[in-house]
Structure formats: structure tokens, C-alpha cells
Amino acid sequence: MSAVEGPRTVSVRAAAKINLHLGVGAARDDGFHPLDTVYQAISLYDDVTLTTAGVPSLSLQTADYIEVGDVPFGPGNIAYQALELVRARTGLPGTERIEVLKSIPVAGGMAGGSADAAAALLAFDRLHAAGLTDDDLLALAAELGSDVPFSLLGGTARGRGRGELVEPLDDRGSWWWVAVPSTTGLSTPEVYRHFDRLFPDALAEPAEPADLLSALASGEPLRLARTLHNDLQAPALDLRPELGALIDRGEGEGALRGLVSGSGPTCIFLCDSLDGAHAVVAGLQGAGHDVVLIANGPVAGAHLLARP
Ligand SMILES: C[C@](O)(CO)[C@H](O)COP(=O)(O)OP(=O)(O)OC[C@H]1O[C@@H](n2ccc(N)nc2=O)[C@H](O)[C@@H]1O
Ligand SMILES: Nc1ncnc2c1ncn2[C@@H]1O[C@H](COP(=O)(O)OP(=O)(O)OP(=O)(O)O)[C@@H](O)[C@H]1O
């Protein structure tokens, strides 16, 4: 007599990213921009659950500040694309039910889609015991998007190439951030195109994060605040001028520094402590910003969740 095997389930959690430094060089021949960036994973998460199933399906649950309709269902979803890719490469048969629980703002400059792709890759590997190495997973991740390798790695890391070449960095801090998402997202390619329009003479080589690296190693918030840098902030603010007032307001409420997260429009504020972050939240909510989130970093990259 052979035992009938029931469905198997694996859940993986992946974090949002912010860019503490985002140096952007002139567009390469392939259209991508060379980057020298410092990523940090912060405590805002998406969870991806895969269950072996005869018929593939995708279901989505979102935090109350996320419009479920902003996230594509079916083949347009990057978690689905990640599974197509890893299935093709491993040659493993089977289909899965995908459940995405989303708290990372959509089209917010926080790599929410990349987190889901990274989580789906890792979940597939563990669900099917595919035996992919970390390097295999990083290479597949790079095919899915420039930010996806970092979503696997997490922590604080330098990103070069088009952002896909990642290496961990020494970070002695535990940093407190306030994040203010916008109700309407910004398209990443559109922000890069606007960078090209604003800076037709951009240097080929992106700016390096020299001072930021020593600030991270010091663990001192004020030092880090002085070295935060984002070359996509000018195009993002030009496309969304109201973000400038938000940054000023957050700094007026006591944040050490505010800036646009990646390609925006989410704005992030470095605070000196958790109490400092609560004060900034209260000030921004008082100024009419309904959704104001607190997160700390660095946190881990994509990882399995224990199941009961
Ligand atoms: C803005 C950042 O989030 C900063 O970390 C990333 O550079 C964006 O990474 P991503 O969303 O994973 O981007 P991808 O999916 O690889 O590319 C989307 C589009 O963004 C633009 N893009 C992206 C990365 C890069 N280094 N140069 C670019 O010009 C390209 O138009 C590309 O077609
Ligand atoms: N699983 C997913 N979650 C969110 N968006 C997705 C997903 N799959 C596909 N998308 C599409 O990708 C677009 C970009 O979404 P995402 O949330 O990754 O943007 P982002 O955080 O600005 O990206 P990045 O910071 O990496 O540039 C969305 O507008 C949506 O149409």
C-alpha cells in the first residue's frame, strides 16, 4: 500500500528595500543605468505562500493602504513570472497555488514586486527540494529584475552593475525609519527617463558612497543622515512636486533627514530612535498624511516562515 501525499505548503517572507545611496550614471547602450547603490532591507514585508496544486492560481491580500487592483493577477504578476522562470530552468513539473500577502507599497520605490519575485524563487526551491544554490538563486533573481538579488540577500548591501551585483556591507546601526507612501505610484522607467532629460550630461560613472560607508560602520544616526543621497530624487520631485513639501514637513517634525525612496514616490525619514519616529508619525498625521509607517533596518532577506 502506498501513502497518498497531501498538498505541501511553503511560506517565504521578503522585505522592502530603501536606497541609502543611489548614484546613477549615464544610460548604457542596453538602456539600463549603471548604479552604485547602498540598499537596506527594512521591516515592511510581503509573504508569498506556495502550495502544490493541480490547477495553478494566484490570490492576493493587501494591507488596508494598498489598492488590490494595482497589483496584476495572473501572468503579469512578477511572482508568477518567477515561478515560470525557475520551473523552466529546473525542469521540475507541477503547478502551485500562489498566495501573496502584501504590505509593501505598490510602485512605491520599495521593491515590492522584487520582494515577491525573490520570495517565490526561494519558496519554489524549498517546496520542490530543487537544490538550487545561493548563486543559482541570485542569477535567476537578476534575470527577473535589478532589485531582485538584493531582495534575496537583505541586510545592508552595495549594489553595482544595474543594481543586480550585490555584496553585504558592514552596518553597525539599527536604524529607525518613517515611510510615507503615496496613493498613486510612480513608474520606475519613467523616473529614469526623466533623469536622462534633466541630466543629459550625466557622468558615465555613478557617484560612490564613500562617506556613507563609514557612517554605517559608526552606527551614528546623525552621521548617516548627513550622507544619505539619491540621484533619482530630483526627477521624482520634478514629476511629483508635492513630495518636496512632505520632505520639508517630516524634517520640520524632527526627522534627521527625509528623502525619496529609490524611484519614489514613497518618502522615508531617518529618525534618531523609536520615540523620535513616533513623534514624526504624530506630526505628519497631524499634517493630514493618513498612512505613515514605522520600520527599522537592516532586516533579513527572503526567508522561510515557520508553519504550525
Ligand atoms: C530604482 C531602483 O529601485 C533602485 O534600486 C532600481 O534601479 C529599479 O530596479 P527594478 O525595478 O528591479 O528595475 P528593472 O525591473 O530591472 O528595470 C525596470 C526599468 O527601469 C530602468 N532601469 C532599471 C535599473 C537600472 N539600473 N537602470 C534603469 O534604467 C529601465 O528602464 C528598466 O527597463
Ligand atoms: N507582485 C507584484 N507586486 C507589486 N507590483 C507588481 C507585482 N507584479 C507585477 N507588478 C507590477 O510592477 C509594477 C512595479 O511594482 P513595484 O511595487 O515592484 O514597484 P517599485 O517598488 O517602485 O519597484 P522598484 O523599487 O524595484 O523600482 C506595479 O505597478 C505592477 O504593475
# chains A, B, ... in the order shown; residues from 1 in each chain; ligands from 1
>>> residues_near_ligand(ligand="ligand 1", cutoff="7 Å", atoms="only C-alpha atoms and all ligand atoms", output="ChimeraX atom specification")
/A:19,22,27,31-35,109-111,114,144-148,162-163,188-189,192,262-263
>>> write_last_selection(atoms="C-alpha atoms", output="PDB file, in the first residue's frame")
ATOM      1  CA  ASN A  19      18.388  53.068  -1.053  1.00  0.00           C
ATOM      2  CA  LEU A  22      21.695  55.840  -5.130  1.00  0.00           C
ATOM      3  CA  ALA A  27      22.408  55.259 -19.569  1.00  0.00           C
ATOM      4  CA  GLY A  31      19.195  51.338 -21.803  1.00  0.00           C
ATOM      5  CA  PHE A  32      19.951  50.461 -18.168  1.00  0.00           C
ATOM      6  CA  HIS A  33      21.772  52.959 -15.961  1.00  0.00           C
ATOM      7  CA  PRO A  34      24.970  51.969 -14.145  1.00  0.00           C
ATOM      8  CA  LEU A  35      24.399  52.208 -10.407  1.00  0.00           C
ATOM      9  CA  GLY A 109      10.201  52.698  -4.937  1.00  0.00           C
ATOM     10  CA  MET A 110      10.465  49.997  -2.251  1.00  0.00           C
ATOM     11  CA  ALA A 111      10.931  46.939  -4.497  1.00  0.00           C
ATOM     12  CA  SER A 114      11.065  42.318  -6.415  1.00  0.00           C
ATOM     13  CA  LEU A 144      13.767  38.967 -13.152  1.00  0.00           C
ATOM     14  CA  GLY A 145      14.817  42.499 -12.195  1.00  0.00           C
ATOM     15  CA  SER A 146      17.695  44.654 -11.000  1.00  0.00           C
ATOM     16  CA  ASP A 147      16.454  44.824  -7.387  1.00  0.00           C
ATOM     17  CA  VAL A 148      15.548  41.130  -7.034  1.00  0.00           C
ATOM     18  CA  ARG A 162      22.495  47.821 -12.944  1.00  0.00           C
ATOM     19  CA  GLY A 163      21.937  47.089  -9.229  1.00  0.00           C
ATOM     20  CA  THR A 188      10.456  53.313 -12.394  1.00  0.00           C
ATOM     21  CA  PRO A 189      11.303  53.542 -16.160  1.00  0.00           C
ATOM     22  CA  TYR A 192      14.873  57.027 -15.131  1.00  0.00           C
ATOM     23  CA  GLY A 262      14.567  54.812  -4.810  1.00  0.00           C
ATOM     24  CA  SER A 263      12.472  55.982  -7.758  1.00  0.00           C
TER      25      SER A 263
END
>>> residues_around(residues="Gly301 of chain A", least_positions_apart="4", cutoff="9 Å", atoms="only C-alpha atoms", output="list in words")
Arg13, Ala14, Ala15, Ala41, Ala115, Ala118, Phe150, Ser151, Leu152, Leu153, Gly154 and Gly155 of chain A
>>> write_last_selection(atoms="C-alpha atoms", output="compact mmCIF listing (two decimals), in the first residue's frame")
# COMPACT_ATOMS: atom_id res chain seq x y z
CA ARG A 13 8.79 36.43 3.78
CA ALA A 14 10.69 39.17 1.92
CA ALA A 15 11.32 42.76 2.99
CA ALA A 41 16.12 45.93 3.88
CA ALA A 115 10.38 41.03 -2.89
CA ALA A 118 12.61 36.68 -4.58
CA PHE A 150 19.05 42.29 -3.09
CA SER A 151 15.59 41.12 -2.01
CA LEU A 152 17.09 37.64 -1.59
CA LEU A 153 20.17 38.92 0.27
CA GLY A 154 18.68 41.56 2.61
CA GLY A 155 20.63 43.35 5.33
>>> residues_around(residues="segment 91-96 of chain A", least_positions_apart="6", cutoff="9 Å", atoms="only C-alpha atoms", output="PyMOL selection string")
chain A and resi 50-58+83+124+128+130
>>> closest_residue(among="A:Asp238, A:Glu99, A:Asp248, A:Glu84", to="ligand 2", atoms="only C-alpha atoms and all ligand atoms")
A:Glu99
>>> atom_distance(atom1="atom CA of Leu165 of chain A", atom2="atom CA of Leu213 of chain A")
17.2 Å
>>> residues_near_ligand(ligand="ligand 2", cutoff="10 Å", atoms="only C-alpha atoms and all ligand atoms", output="ChimeraX atom specification")
/A:16-19,46,48,60,68-82,100-117,120,145-148,151,184-189,191-192,261-266
>>> atom_distance(atom1="atom CA of Ser273 of chain A", atom2="atom CA of Ala255 of chain A")
9.9 Å
>>> select_by_dssp(residues="segment 69-285 of chain A", states="strand (DSSP E or B)", output="NGL selection string")
:A and (96-102 or 154 or 156-160 or 165-168 or 175-180 or 229-230 or 257-260 or 267-271)
>>> write_last_selection(atoms="C-alpha atoms", output="PDB file, in the first residue's frame")
ATOM      1  CA  GLU A  96       1.346  25.709  -7.462  1.00  0.00           C
ATOM      2  CA  ARG A  97      -1.245  27.872  -5.824  1.00  0.00           C
ATOM      3  CA  ILE A  98       0.358  31.263  -5.078  1.00  0.00           C
ATOM      4  CA  GLU A  99      -0.889  33.415  -2.202  1.00  0.00           C
ATOM      5  CA  VAL A 100       0.609  36.873  -1.771  1.00  0.00           C
ATOM      6  CA  LEU A 101       0.085  38.864   1.415  1.00  0.00           C
ATOM      7  CA  LYS A 102       1.218  42.370   0.616  1.00  0.00           C
ATOM      8  CA  GLY A 154      18.679  41.558   2.608  1.00  0.00           C
ATOM      9  CA  THR A 156      22.611  46.333   4.086  1.00  0.00           C
ATOM     10  CA  ALA A 157      24.465  45.804   0.825  1.00  0.00           C
ATOM     11  CA  ARG A 158      26.227  47.580  -2.002  1.00  0.00           C
ATOM     12  CA  GLY A 159      24.674  47.195  -5.454  1.00  0.00           C
ATOM     13  CA  ARG A 160      26.591  47.746  -8.670  1.00  0.00           C
ATOM     14  CA  LEU A 165      25.602  42.739  -8.361  1.00  0.00           C
ATOM     15  CA  VAL A 166      25.246  42.743  -4.588  1.00  0.00           C
ATOM     16  CA  GLU A 167      27.697  42.385  -1.710  1.00  0.00           C
ATOM     17  CA  PRO A 168      26.952  42.668   2.026  1.00  0.00           C
ATOM     18  CA  TRP A 175      18.149  52.454  12.190  1.00  0.00           C
ATOM     19  CA  TRP A 176      14.612  53.795  12.625  1.00  0.00           C
ATOM     20  CA  TRP A 177      12.704  54.935   9.577  1.00  0.00           C
ATOM     21  CA  VAL A 178       9.334  56.541   8.939  1.00  0.00           C
ATOM     22  CA  ALA A 179       7.883  55.812   5.484  1.00  0.00           C
ATOM     23  CA  VAL A 180       5.080  57.771   3.805  1.00  0.00           C
ATOM     24  CA  HIS A 229      21.976  60.546  -1.246  1.00  0.00           C
ATOM     25  CA  ASN A 230      19.580  59.785  -4.112  1.00  0.00           C
ATOM     26  CA  ARG A 257      16.713  63.636   7.215  1.00  0.00           C
ATOM     27  CA  GLY A 258      13.997  62.907   4.647  1.00  0.00           C
ATOM     28  CA  LEU A 259      14.453  61.657   1.109  1.00  0.00           C
ATOM     29  CA  VAL A 260      12.706  59.878  -1.734  1.00  0.00           C
ATOM     30  CA  CYS A 267       9.368  59.256   1.130  1.00  0.00           C
ATOM     31  CA  ILE A 268      11.462  57.951   4.009  1.00  0.00           C
ATOM     32  CA  PHE A 269      12.680  59.746   7.115  1.00  0.00           C
ATOM     33  CA  LEU A 270      15.630  58.726   9.254  1.00  0.00           C
ATOM     34  CA  CYS A 271      14.903  59.218  12.967  1.00  0.00           C
TER      35      CYS A 271
END
>>> select_by_dssp(residues="segment 152-248 of chain A", states="alpha helix (DSSP H)", output="PyMOL selection string")
chain A and resi 152-153+188-198+210-218+221-227+233-239+242-248
>>> atom_distance(atom1="atom CA of Gly23 of chain A", atom2="atom CA of Leu239 of chain A")
19.1 Å
>>> closest_residue(among="A:Ala300, A:Ala207, A:Leu127, A:Leu216", to="Val24 of chain A", atoms="only C-alpha atoms")
A:Ala207
>>> closest_residue(among="A:Gly219, A:Pro241, A:Gly25, A:Pro181", to="Tyr65 of chain A", atoms="only C-alpha atoms")
A:Pro181
>>> closest_residue(among="A:Ala63, A:Ala234, A:Leu85, A:Leu222", to="Leu44 of chain A", atoms="only C-alpha atoms")
A:Ala63
>>> residues_around(residues="Ala129 of chain A", least_positions_apart="6", cutoff="12 Å", atoms="only C-alpha atoms", output="number ranges by chain")
A: 8, 10, 90, 92, 121-123
>>> closest_residue(among="A:Thr183, A:Leu284, A:Asp64, A:Gln233", to="Gly254 of chain A", atoms="only C-alpha atoms")
A:Leu284
>>> decode(residues="segment 263-283 of chain A", atoms="N, CA and C atoms", output="PDB file, in the first residue's frame")
ATOM      1  N   SER A 263      13.101  55.176  -6.710  1.00  0.00           N
ATOM      2  CA  SER A 263      12.472  55.982  -7.758  1.00  0.00           C
ATOM      3  C   SER A 263      11.192  56.662  -7.262  1.00  0.00           C
ATOM      4  N   GLY A 264      10.863  56.498  -5.955  1.00  0.00           N
ATOM      5  CA  GLY A 264       9.702  57.146  -5.370  1.00  0.00           C
ATOM      6  C   GLY A 264       8.404  56.462  -5.776  1.00  0.00           C
ATOM      7  N   PRO A 265       7.274  57.039  -5.346  1.00  0.00           N
ATOM      8  CA  PRO A 265       7.101  58.294  -4.615  1.00  0.00           C
ATOM      9  C   PRO A 265       7.125  58.167  -3.089  1.00  0.00           C
ATOM     10  N   THR A 266       7.324  56.954  -2.534  1.00  0.00           N
ATOM     11  CA  THR A 266       7.405  56.857  -1.072  1.00  0.00           C
ATOM     12  C   THR A 266       8.554  57.739  -0.578  1.00  0.00           C
ATOM     13  N   CYS A 267       8.297  58.480   0.499  1.00  0.00           N
ATOM     14  CA  CYS A 267       9.368  59.256   1.130  1.00  0.00           C
ATOM     15  C   CYS A 267       9.718  58.598   2.461  1.00  0.00           C
ATOM     16  N   ILE A 268      10.998  58.602   2.778  1.00  0.00           N
ATOM     17  CA  ILE A 268      11.462  57.951   4.009  1.00  0.00           C
ATOM     18  C   ILE A 268      12.206  58.985   4.863  1.00  0.00           C
ATOM     19  N   PHE A 269      12.099  58.798   6.165  1.00  0.00           N
ATOM     20  CA  PHE A 269      12.680  59.746   7.115  1.00  0.00           C
ATOM     21  C   PHE A 269      13.505  58.985   8.138  1.00  0.00           C
ATOM     22  N   LEU A 270      14.775  59.344   8.233  1.00  0.00           N
ATOM     23  CA  LEU A 270      15.630  58.726   9.254  1.00  0.00           C
ATOM     24  C   LEU A 270      15.395  59.439  10.584  1.00  0.00           C
ATOM     25  N   CYS A 271      15.179  58.651  11.643  1.00  0.00           N
ATOM     26  CA  CYS A 271      14.903  59.218  12.967  1.00  0.00           C
ATOM     27  C   CYS A 271      15.982  58.767  13.943  1.00  0.00           C
ATOM     28  N   ASP A 272      16.095  59.494  15.078  1.00  0.00           N
ATOM     29  CA  ASP A 272      17.194  59.168  15.996  1.00  0.00           C
ATOM     30  C   ASP A 272      16.882  57.983  16.894  1.00  0.00           C
ATOM     31  N   SER A 273      15.599  57.574  16.966  1.00  0.00           N
ATOM     32  CA  SER A 273      15.195  56.496  17.880  1.00  0.00           C
ATOM     33  C   SER A 273      13.754  56.116  17.543  1.00  0.00           C
ATOM     34  N   LEU A 274      13.246  55.068  18.202  1.00  0.00           N
ATOM     35  CA  LEU A 274      11.831  54.709  18.013  1.00  0.00           C
ATOM     36  C   LEU A 274      10.932  55.832  18.525  1.00  0.00           C
ATOM     37  N   ASP A 275      11.288  56.423  19.669  1.00  0.00           N
ATOM     38  CA  ASP A 275      10.478  57.539  20.185  1.00  0.00           C
ATOM     39  C   ASP A 275      10.473  58.692  19.188  1.00  0.00           C
ATOM     40  N   GLY A 276      11.647  58.945  18.608  1.00  0.00           N
ATOM     41  CA  GLY A 276      11.740  60.014  17.597  1.00  0.00           C
ATOM     42  C   GLY A 276      10.841  59.701  16.409  1.00  0.00           C
ATOM     43  N   ALA A 277      10.791  58.432  16.016  1.00  0.00           N
ATOM     44  CA  ALA A 277       9.954  58.037  14.877  1.00  0.00           C
ATOM     45  C   ALA A 277       8.471  58.259  15.212  1.00  0.00           C
ATOM     46  N   HIS A 278       8.066  57.911  16.455  1.00  0.00           N
ATOM     47  CA  HIS A 278       6.663  58.134  16.843  1.00  0.00           C
ATOM     48  C   HIS A 278       6.310  59.615  16.779  1.00  0.00           C
ATOM     49  N   ALA A 279       7.241  60.467  17.178  1.00  0.00           N
ATOM     50  CA  ALA A 279       6.971  61.914  17.150  1.00  0.00           C
ATOM     51  C   ALA A 279       6.786  62.392  15.712  1.00  0.00           C
ATOM     52  N   VAL A 280       7.611  61.880  14.799  1.00  0.00           N
ATOM     53  CA  VAL A 280       7.495  62.276  13.386  1.00  0.00           C
ATOM     54  C   VAL A 280       6.165  61.774  12.817  1.00  0.00           C
ATOM     55  N   VAL A 281       5.778  60.540  13.179  1.00  0.00           N
ATOM     56  CA  VAL A 281       4.487  59.995  12.720  1.00  0.00           C
ATOM     57  C   VAL A 281       3.357  60.917  13.185  1.00  0.00           C
ATOM     58  N   ALA A 282       3.378  61.286  14.466  1.00  0.00           N
ATOM     59  CA  ALA A 282       2.306  62.135  15.008  1.00  0.00           C
ATOM     60  C   ALA A 282       2.256  63.467  14.253  1.00  0.00           C
ATOM     61  N   GLY A 283       3.423  64.047  14.002  1.00  0.00           N
ATOM     62  CA  GLY A 283       3.472  65.335  13.295  1.00  0.00           C
ATOM     63  C   GLY A 283       2.933  65.218  11.884  1.00  0.00           C
TER      64      GLY A 283
END
